[in-house]
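J.: What follows is a single structure, and I will ask about it in a moment.
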Amino acid sequence: MAKVLMKGNEAIAEAAIRAGANNYFCYPITPQTEVAEYLAKRMPEVGGVFLQAESEVAVGNIVFGAASTGKRVFTTSSSPGISLMQEAISYMAGAQLPCVILNIMRGGPGLGGILPAQSDYFQATKGGGHGDYRLLVLAPSTIQEAVDLTMLACHLADKYRNPVMIIGDGMIGQMMEPVEFPENYTEPELPTKDTWAATGAKGRKPRVIKSLFLDPYKLEDNSVVLYNKYQQMKKDEVRFELYKTSTKNKVLIVSYGTMARICQTVIDELEEEGVSVGLFRPITVYPFPEAALEKEATRKNIDTVLTVEMSMGQMVEDVERAIARRRPVEFFGRTGGIVPTPDEVKKQIKELIKKKHGAKTRQSTTKSKKKG
Amino acid sequence: MPQYEVLWAGFGGQGIMVAGQLLAYTGIKEGKNVVWIPSYGPEMRGGTAYCTVVVSDKRIGSPIMSQVKAACVFNRPSFDKFCPKIKPGGLLLVNSSLINTTTDRTDITEILVPANKMAIEAGNVRAANIAMLGAFVGATGIIDPKNLEAVIHEKLGAKKAVLGTNLKVLAQGLEIGKKGIRQRQKA
């Protein structure tokens, strides 16, 4: 199929349909309402369900119900709306129900603003709802990747019988880029849902889908089942990308989503100035690519690790955990809807390098100037 | 081609977003990488609307930037806001039908495009964005005008009368753009 120019929100909506997530429930909120707008038109064409509920609380519970039937279910919202869904998300994780949730993040806390942010990292990766559970969390940095990860999310949700969350900042939702949808989309085989899905009990024993286990031994057993799934995800689902990492790097940037591509520009520009910086971009933020990051960050040539986020510092805690004090971890972030420009990040890196090994850097800058 | 960033700005309703999108569509047609980013934020009716389009042969990193290579401004508030955002050596296209001033900057090229006047004379004021788009492509040559014309046929071709108006102002705009650049080369 030829490349088409699509807004992130619309591309994600189309990707969900292509992956067979034909049951969509929503409540509008900026900056992701175009998903709902697009699917309101598109769902009837594929015989799917489009339903706008009365609130995000209701959406969460409708998603729980629909997912119980074994159908692919999709919902989208933005930060405050995702907060309202947390109860249902915890219940779904507990009851082992697959669904795909998109959070096009805006500045918080509270009602916050409507501009791009990455300040829901903790909520997405560390819980958000109560209890011993995790979501598998994917973070795209281009519209094409948002399409690919949405389709993957549908698969992974079924594979693990667990809610999968895609986190994009407002920029991912609003930006337009060329995208291509796979021509003949096929998925690896999945386990049958006919062991747990509520499909009508005629001719068989009823199935119960619940997250209530009053017997503590049974509840612990359930938590162990979940835990084992998360361990499996850590083994099989870790995804990340390296950009211009080499033995010349003094600094390694860790960044995800839109922020990571801003850092790519920073790295390209610094390269021209003779400063070598690499990028480690987590694609799955849960499971966090900790082993791979530890390996990259503790190479001999790396002096400093800089985490850059559109938040006051959230992923940086995972970075610190992965590196376990073997390298200094610095942080730079803007929040509230402010997207740092490449110039701003570049300035941070230059100051950092100056602080760490002033003499060397000054030398190399002079050298590159002479060349020019 | 190296990366090119252009900002489109004006009132809501002046076709700012569409102009940027037509440019992006043409870029795709030519196999280039493109990004189109709207301004989104709390705005009131009749407030400013702007978008940025990035076109490049290479993978596009940051979709946002402190300064852009060119800006096409359609009204006075946009002129005031975005003139300082143009890189030295960059290009400013001004809708001179609605903006009765010129820039004090001497480090950029300024081209005056009477976009509204051209569009009204061609039969529809709503074609002002296409007049400007023509001038921009004429001045920069970052995409082939023939491909742009094909995209306009594709995207805006449903109403024949409107298409005629658009193509007419596009041709005029291209000439203004080319002339603008020639003037700069002389100087």
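Residues in the structure tokens are numbered from 1 in each chain, the chains being A, B, ... in the order shown, and ligands are numbered from 1 in the order shown.
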Taking only C-alpha atoms into account, find every residue of chain B that has an atom no more than 9 Å from chain A, and write it out as a list in words.

T.: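 So the contacting residues turn out to be Gln21, Ala24, Tyr25, Ile28, Lys29, Asn33, Val34, Val35, Trp36, Ile37, Pro38, Ser39, Tyr40, Gly41, Pro42, Ile60, Gly61, Ser62, Pro63, Ile64, Met65 and Ser66 of chain B.
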
J.: Can you write out the residues you just picked, keeping C-alpha atoms, as a PDB file, in the first residue's frame?

T.:
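As a result, selection-v1.pdb now contains:
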ATOM      1  CA  GLN B  21      -0.982  19.759   4.125  1.00  0.00           C
ATOM      2  CA  ALA B  24       3.232  17.744   2.786  1.00  0.00           C
ATOM      3  CA  TYR B  25       1.216  15.609   0.339  1.00  0.00           C
ATOM      4  CA  ILE B  28       5.224  12.381  -0.064  1.00  0.00           C
ATOM      5  CA  LYS B  29       4.489  12.175  -3.787  1.00  0.00           C
ATOM      6  CA  ASN B  33       9.992  12.512   4.392  1.00  0.00           C
ATOM      7  CA  VAL B  34       7.507  15.014   5.721  1.00  0.00           C
ATOM      8  CA  VAL B  35       6.057  16.075   9.040  1.00  0.00           C
ATOM      9  CA  TRP B  36       3.085  18.382   9.482  1.00  0.00           C
ATOM     10  CA  ILE B  37       2.464  19.772  12.954  1.00  0.00           C
ATOM     11  CA  PRO B  38      -0.488  21.982  13.787  1.00  0.00           C
ATOM     12  CA  SER B  39      -0.476  24.489  16.557  1.00  0.00           C
ATOM     13  CA  TYR B  40      -2.844  23.063  19.015  1.00  0.00           C
ATOM     14  CA  GLY B  41      -3.732  24.782  22.187  1.00  0.00           C
ATOM     15  CA  PRO B  42      -6.453  26.819  23.761  1.00  0.00           C
ATOM     16  CA  ILE B  60      13.209  13.739  10.277  1.00  0.00           C
ATOM     17  CA  GLY B  61      14.265  13.984  13.905  1.00  0.00           C
ATOM     18  CA  SER B  62      12.787  16.771  15.926  1.00  0.00           C
ATOM     19  CA  PRO B  63       9.427  17.945  14.635  1.00  0.00           C
ATOM     20  CA  ILE B  64       9.850  21.192  16.528  1.00  0.00           C
ATOM     21  CA  MET B  65      12.558  23.804  16.242  1.00  0.00           C
ATOM     22  CA  SER B  66      13.498  27.158  17.723  1.00  0.00           C
TER      23      SER B  66
END

J.: Any idea what's packed within 6 Å of region 11-24 of chain A, counting only C-alpha atoms, ignoring anything in its chain fewer than 3 positions away? Could you give it as a ChimeraX atom specification?

T.: /A:6,8,35,48-50,72-75,147,151

J.: Would you put the residues from that selection into a file with N, CA and C atoms, as a short mmCIF file (atom, residue, chain, number, x, y, z; two decimals), in the first residue's frame?

T.:
data_model
loop_
_atom_site.label_atom_id
_atom_site.label_comp_id
_atom_site.auth_asym_id
_atom_site.auth_seq_id
_atom_site.Cartn_x
_atom_site.Cartn_y
_atom_site.Cartn_z
N MET A 6 -1.16 10.97 7.45
CA MET A 6 -2.22 10.87 8.46
C MET A 6 -1.80 11.49 9.78
N GLY A 8 -1.56 11.44 13.73
CA GLY A 8 -1.28 10.33 14.62
C GLY A 8 -2.54 9.69 15.16
N VAL A 35 -9.32 10.39 17.41
CA VAL A 35 -9.44 8.93 17.36
C VAL A 35 -10.94 8.59 17.33
N GLY A 48 -18.20 -2.82 13.16
CA GLY A 48 -17.72 -2.81 14.54
C GLY A 48 -18.63 -2.01 15.44
N VAL A 49 -18.21 -1.87 16.69
CA VAL A 49 -18.99 -1.12 17.67
C VAL A 49 -18.28 0.17 18.01
N PHE A 50 -19.00 1.28 17.87
CA PHE A 50 -18.48 2.56 18.36
C PHE A 50 -19.46 3.05 19.41
N ARG A 72 -11.71 -8.29 20.69
CA ARG A 72 -10.68 -7.26 20.83
C ARG A 72 -11.32 -5.91 21.12
N VAL A 73 -10.83 -5.29 22.19
CA VAL A 73 -11.44 -4.05 22.65
C VAL A 73 -10.38 -2.95 22.74
N PHE A 74 -10.78 -1.76 22.35
CA PHE A 74 -9.85 -0.65 22.25
C PHE A 74 -10.50 0.57 22.90
N THR A 75 -9.71 1.33 23.67
CA THR A 75 -10.21 2.61 24.16
C THR A 75 -9.08 3.61 24.15
N VAL A 147 1.46 3.29 14.48
CA VAL A 147 0.63 2.32 13.76
C VAL A 147 1.10 0.89 14.07
N MET A 151 -0.93 -2.14 16.38
CA MET A 151 -1.27 -3.49 15.90
C MET A 151 -0.61 -4.54 16.78
#

J.: Which residues are near Gly107 (chain A)? Cut-off 10 Å, only C-alpha atoms, ignore same chain within fewer than 2 positions. Put them as a list in words.

T.: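 Result of the neighbour search: Ser78, Ser79, Pro80, Met105, Pro109, Gly110, Leu111, Gly112, Gly113, Ile114, Leu115, Pro116, Ala117, Gln118, Ser119, Asp120, Asp169, Gly170, Met310, Ser311, Thr335, Gly336, Gly337 and Ile338 of chain A.
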
J.: Which residue out of A:Gly47, A:Gly129, A:Gly278, A:Pro216 has the minimum interatomic distance to Tyr91 (chain A) when only C-alpha atoms are used?

T.: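 For Tyr91 (chain A), the nearest of the given residues is A:Gly129.
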
J.: Identify all residues of region 14-53 of chain B in strand (DSSP E or B) (DSSP on the backbone) and supply them as a PDB file with C-alpha atoms, in the first residue's frame.

T.:
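Below is the file that was written, result.pdb:
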ATOM      1  CA  ASN B  33       9.992  12.512   4.392  1.00  0.00           C
ATOM      2  CA  VAL B  34       7.507  15.014   5.721  1.00  0.00           C
ATOM      3  CA  VAL B  35       6.057  16.075   9.040  1.00  0.00           C
ATOM      4  CA  TRP B  36       3.085  18.382   9.482  1.00  0.00           C
ATOM      5  CA  ILE B  37       2.464  19.772  12.954  1.00  0.00           C
ATOM      6  CA  PRO B  38      -0.488  21.982  13.787  1.00  0.00           C
ATOM      7  CA  THR B  48      -4.309  32.572  15.190  1.00  0.00           C
ATOM      8  CA  ALA B  49      -3.804  29.228  13.512  1.00  0.00           C
ATOM      9  CA  TYR B  50      -0.440  27.962  12.478  1.00  0.00           C
ATOM     10  CA  CYS B  51       1.313  24.829  11.353  1.00  0.00           C
ATOM     11  CA  THR B  52       4.845  23.791  10.568  1.00  0.00           C
ATOM     12  CA  VAL B  53       5.839  21.553   7.684  1.00  0.00           C
TER      13      VAL B  53
END

J.: Have a look at B:Ala70, B:Ala19, B:Lys58, B:Ile130 and name the one nearest to Gly31 (chain B); count only C-alpha atoms.

T.: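 Answer, going by the shortest atom-to-atom distance: B:Lys58.
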
J.: What gap, in Å, lies between CA of Gln348 (chain A) and CA of Leu306 (chain A)?

T.: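 Separation between CA of Gln348 (chain A) and CA of Leu306 (chain A): 9.3 Å.
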
J.: Env of region 144-157 of chain B: 8 Å cut, atoms = only C-alpha atoms, seq-sep filter 2 positions within chain, self excluded. Answer as an NGL selection string.

T.: :B and (22-23 or 25-26 or 29-30 or 134 or 137-138 or 141-142 or 159-160 or 162-163 or 167)

J.: Would you compute the distance between CA of Phe122 (chain A) and CA of Gln314 (chain A)? Give it in Å to one decimal.

T.: 6.3 Å

J.: Which residues, written as a PyMOL selection string, have at least one atom at most 9 Å from Leu212 (chain A), with only C-alpha atoms counted and residues fewer than 2 positions away on the same chain left out?

T.: chain A and resi 91+94-95+210+214+219

J.: Would you mind listing what lies within 7 Å of Ser97 (chain B) as a ChimeraX atom specification, with only C-alpha atoms counted and same-chain residues fewer than 5 positions away left out?

T.: /B:114-117

J.: Those same residues - all heavy atoms - I'd like them written as an mmCIF file, in the first residue's frame.

T.:
data_model
loop_
_atom_site.group_PDB
_atom_site.id
_atom_site.type_symbol
_atom_site.label_atom_id
_atom_site.label_comp_id
_atom_site.auth_asym_id
_atom_site.auth_seq_id
_atom_site.Cartn_x
_atom_site.Cartn_y
_atom_site.Cartn_z
ATOM 1 N N PRO B 114 0.389 39.636 -2.651
ATOM 2 C CA PRO B 114 -0.982 40.142 -2.407
ATOM 3 C C PRO B 114 -1.994 39.004 -2.540
ATOM 4 O O PRO B 114 -2.814 38.993 -3.471
ATOM 5 C CB PRO B 114 -1.161 41.203 -3.492
ATOM 6 C CG PRO B 114 -0.218 40.818 -4.585
ATOM 7 C CD PRO B 114 0.902 40.013 -3.986
ATOM 8 N N ALA B 115 -1.930 38.067 -1.619
ATOM 9 C CA ALA B 115 -2.653 36.803 -1.764
ATOM 10 C C ALA B 115 -4.171 36.987 -1.834
ATOM 11 O O ALA B 115 -4.830 36.408 -2.702
ATOM 12 C CB ALA B 115 -2.286 35.871 -0.613
ATOM 13 N N ASN B 116 -4.722 37.809 -0.939
ATOM 14 C CA ASN B 116 -6.180 38.001 -0.955
ATOM 15 C C ASN B 116 -6.623 38.693 -2.248
ATOM 16 O O ASN B 116 -7.620 38.301 -2.849
ATOM 17 C CB ASN B 116 -6.629 38.840 0.242
ATOM 18 C CG ASN B 116 -6.675 38.026 1.513
ATOM 19 O OD1 ASN B 116 -5.693 37.351 1.849
ATOM 20 N ND2 ASN B 116 -7.800 38.049 2.202
ATOM 21 N N LYS B 117 -5.864 39.705 -2.656
ATOM 22 C CA LYS B 117 -6.206 40.452 -3.878
ATOM 23 C C LYS B 117 -6.188 39.501 -5.079
ATOM 24 O O LYS B 117 -7.121 39.474 -5.878
ATOM 25 C CB LYS B 117 -5.184 41.582 -4.076
ATOM 26 C CG LYS B 117 -5.517 42.539 -5.198
ATOM 27 C CD LYS B 117 -4.662 43.811 -5.101
ATOM 28 C CE LYS B 117 -4.669 44.573 -6.407
ATOM 29 N NZ LYS B 117 -3.530 44.275 -7.288
#

J.: Step one, run DSSP on the backbone; step two, keep only residues of region 132-311 of chain A assigned to alpha helix (DSSP H); then write them as a PDB file with C-alpha atoms, in the first residue's frame.

T.:
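That gives us part28.pdb:
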ATOM      1  CA  ILE A 143       3.369   8.010  13.450  1.00  0.00           C
ATOM      2  CA  GLN A 144       4.483   4.912  11.555  1.00  0.00           C
ATOM      3  CA  GLU A 145       5.699   3.400  14.797  1.00  0.00           C
ATOM      4  CA  ALA A 146       2.409   4.340  16.449  1.00  0.00           C
ATOM      5  CA  VAL A 147       0.633   2.320  13.757  1.00  0.00           C
ATOM      6  CA  ASP A 148       2.951  -0.664  14.130  1.00  0.00           C
ATOM      7  CA  LEU A 149       2.791  -0.635  17.914  1.00  0.00           C
ATOM      8  CA  THR A 150      -0.996  -0.321  17.969  1.00  0.00           C
ATOM      9  CA  MET A 151      -1.269  -3.486  15.899  1.00  0.00           C
ATOM     10  CA  LEU A 152       1.342  -5.176  18.056  1.00  0.00           C
ATOM     11  CA  ALA A 153      -0.500  -4.060  21.203  1.00  0.00           C
ATOM     12  CA  CYS A 154      -3.645  -5.886  20.057  1.00  0.00           C
ATOM     13  CA  HIS A 155      -1.608  -9.045  19.647  1.00  0.00           C
ATOM     14  CA  LEU A 156       0.275  -8.745  22.933  1.00  0.00           C
ATOM     15  CA  ALA A 157      -2.903  -8.052  24.899  1.00  0.00           C
ATOM     16  CA  ASP A 158      -4.308 -11.385  23.711  1.00  0.00           C
ATOM     17  CA  LYS A 159      -1.003 -13.179  24.087  1.00  0.00           C
ATOM     18  CA  TYR A 160      -0.700 -12.239  27.762  1.00  0.00           C
ATOM     19  CA  GLY A 170       0.113  15.113  22.518  1.00  0.00           C
ATOM     20  CA  MET A 171       2.528  15.620  19.641  1.00  0.00           C
ATOM     21  CA  ILE A 172       2.129  11.983  18.540  1.00  0.00           C
ATOM     22  CA  GLY A 173      -1.630  12.478  18.422  1.00  0.00           C
ATOM     23  CA  GLN A 174      -1.631  15.782  16.570  1.00  0.00           C
ATOM     24  CA  PRO A 216      -5.957 -15.105  50.596  1.00  0.00           C
ATOM     25  CA  TYR A 217      -4.300 -18.248  49.229  1.00  0.00           C
ATOM     26  CA  LYS A 218      -6.311 -17.974  46.026  1.00  0.00           C
ATOM     27  CA  LEU A 219      -5.567 -14.266  45.759  1.00  0.00           C
ATOM     28  CA  GLU A 220      -1.885 -14.914  46.226  1.00  0.00           C
ATOM     29  CA  ASP A 221      -2.063 -17.646  43.586  1.00  0.00           C
ATOM     30  CA  ASN A 222      -3.665 -15.184  41.171  1.00  0.00           C
ATOM     31  CA  SER A 223      -0.935 -12.623  41.866  1.00  0.00           C
ATOM     32  CA  VAL A 224       1.704 -15.280  41.238  1.00  0.00           C
ATOM     33  CA  VAL A 225       0.094 -16.100  37.875  1.00  0.00           C
ATOM     34  CA  LEU A 226       0.237 -12.394  36.986  1.00  0.00           C
ATOM     35  CA  TYR A 227       3.808 -12.120  38.228  1.00  0.00           C
ATOM     36  CA  ASN A 228       4.877 -15.026  36.056  1.00  0.00           C
ATOM     37  CA  LYS A 229       3.341 -13.321  33.021  1.00  0.00           C
ATOM     38  CA  TYR A 230       5.295 -10.145  33.766  1.00  0.00           C
ATOM     39  CA  GLN A 231       8.489 -12.175  34.069  1.00  0.00           C
ATOM     40  CA  GLN A 232       7.707 -13.715  30.685  1.00  0.00           C
ATOM     41  CA  MET A 233       7.191 -10.239  29.197  1.00  0.00           C
ATOM     42  CA  LYS A 234      10.564  -9.177  30.583  1.00  0.00           C
ATOM     43  CA  LYS A 235      12.114 -12.114  28.773  1.00  0.00           C
ATOM     44  CA  ASP A 236      10.313 -11.829  25.447  1.00  0.00           C
ATOM     45  CA  GLY A 257       8.561   9.105  22.341  1.00  0.00           C
ATOM     46  CA  THR A 258       8.646  12.527  20.708  1.00  0.00           C
ATOM     47  CA  MET A 259      11.380  13.596  23.098  1.00  0.00           C
ATOM     48  CA  ALA A 260      13.662  10.889  21.678  1.00  0.00           C
ATOM     49  CA  ARG A 261      13.385  12.201  18.132  1.00  0.00           C
ATOM     50  CA  ILE A 262      14.126  15.706  19.332  1.00  0.00           C
ATOM     51  CA  CYS A 263      17.254  14.190  20.888  1.00  0.00           C
ATOM     52  CA  GLN A 264      18.126  12.588  17.529  1.00  0.00           C
ATOM     53  CA  THR A 265      18.322  16.062  16.006  1.00  0.00           C
ATOM     54  CA  VAL A 266      20.446  17.175  18.948  1.00  0.00           C
ATOM     55  CA  ILE A 267      22.793  14.228  18.342  1.00  0.00           C
ATOM     56  CA  ASP A 268      23.054  14.980  14.595  1.00  0.00           C
ATOM     57  CA  GLU A 269      23.846  18.627  15.255  1.00  0.00           C
ATOM     58  CA  LEU A 270      26.397  17.843  17.958  1.00  0.00           C
ATOM     59  CA  GLU A 271      28.049  15.322  15.637  1.00  0.00           C
ATOM     60  CA  GLU A 272      28.666  18.119  13.152  1.00  0.00           C
ATOM     61  CA  GLU A 290      17.109  -2.497  31.836  1.00  0.00           C
ATOM     62  CA  ALA A 291      19.699  -5.106  30.899  1.00  0.00           C
ATOM     63  CA  ALA A 292      20.312  -3.575  27.475  1.00  0.00           C
ATOM     64  CA  LEU A 293      20.530  -0.107  28.959  1.00  0.00           C
ATOM     65  CA  GLU A 294      22.942  -1.243  31.626  1.00  0.00           C
ATOM     66  CA  LYS A 295      25.170  -2.708  28.921  1.00  0.00           C
ATOM     67  CA  GLU A 296      25.126   0.452  26.789  1.00  0.00           C
ATOM     68  CA  ALA A 297      25.478   2.868  29.687  1.00  0.00           C
TER      69      ALA A 297
END

J.: Mind pulling up the distance from CA of Thr76 (chain A) to CA of Glu43 (chain B)?

T.: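 Here the two named atoms are 23.6 Å from each other.
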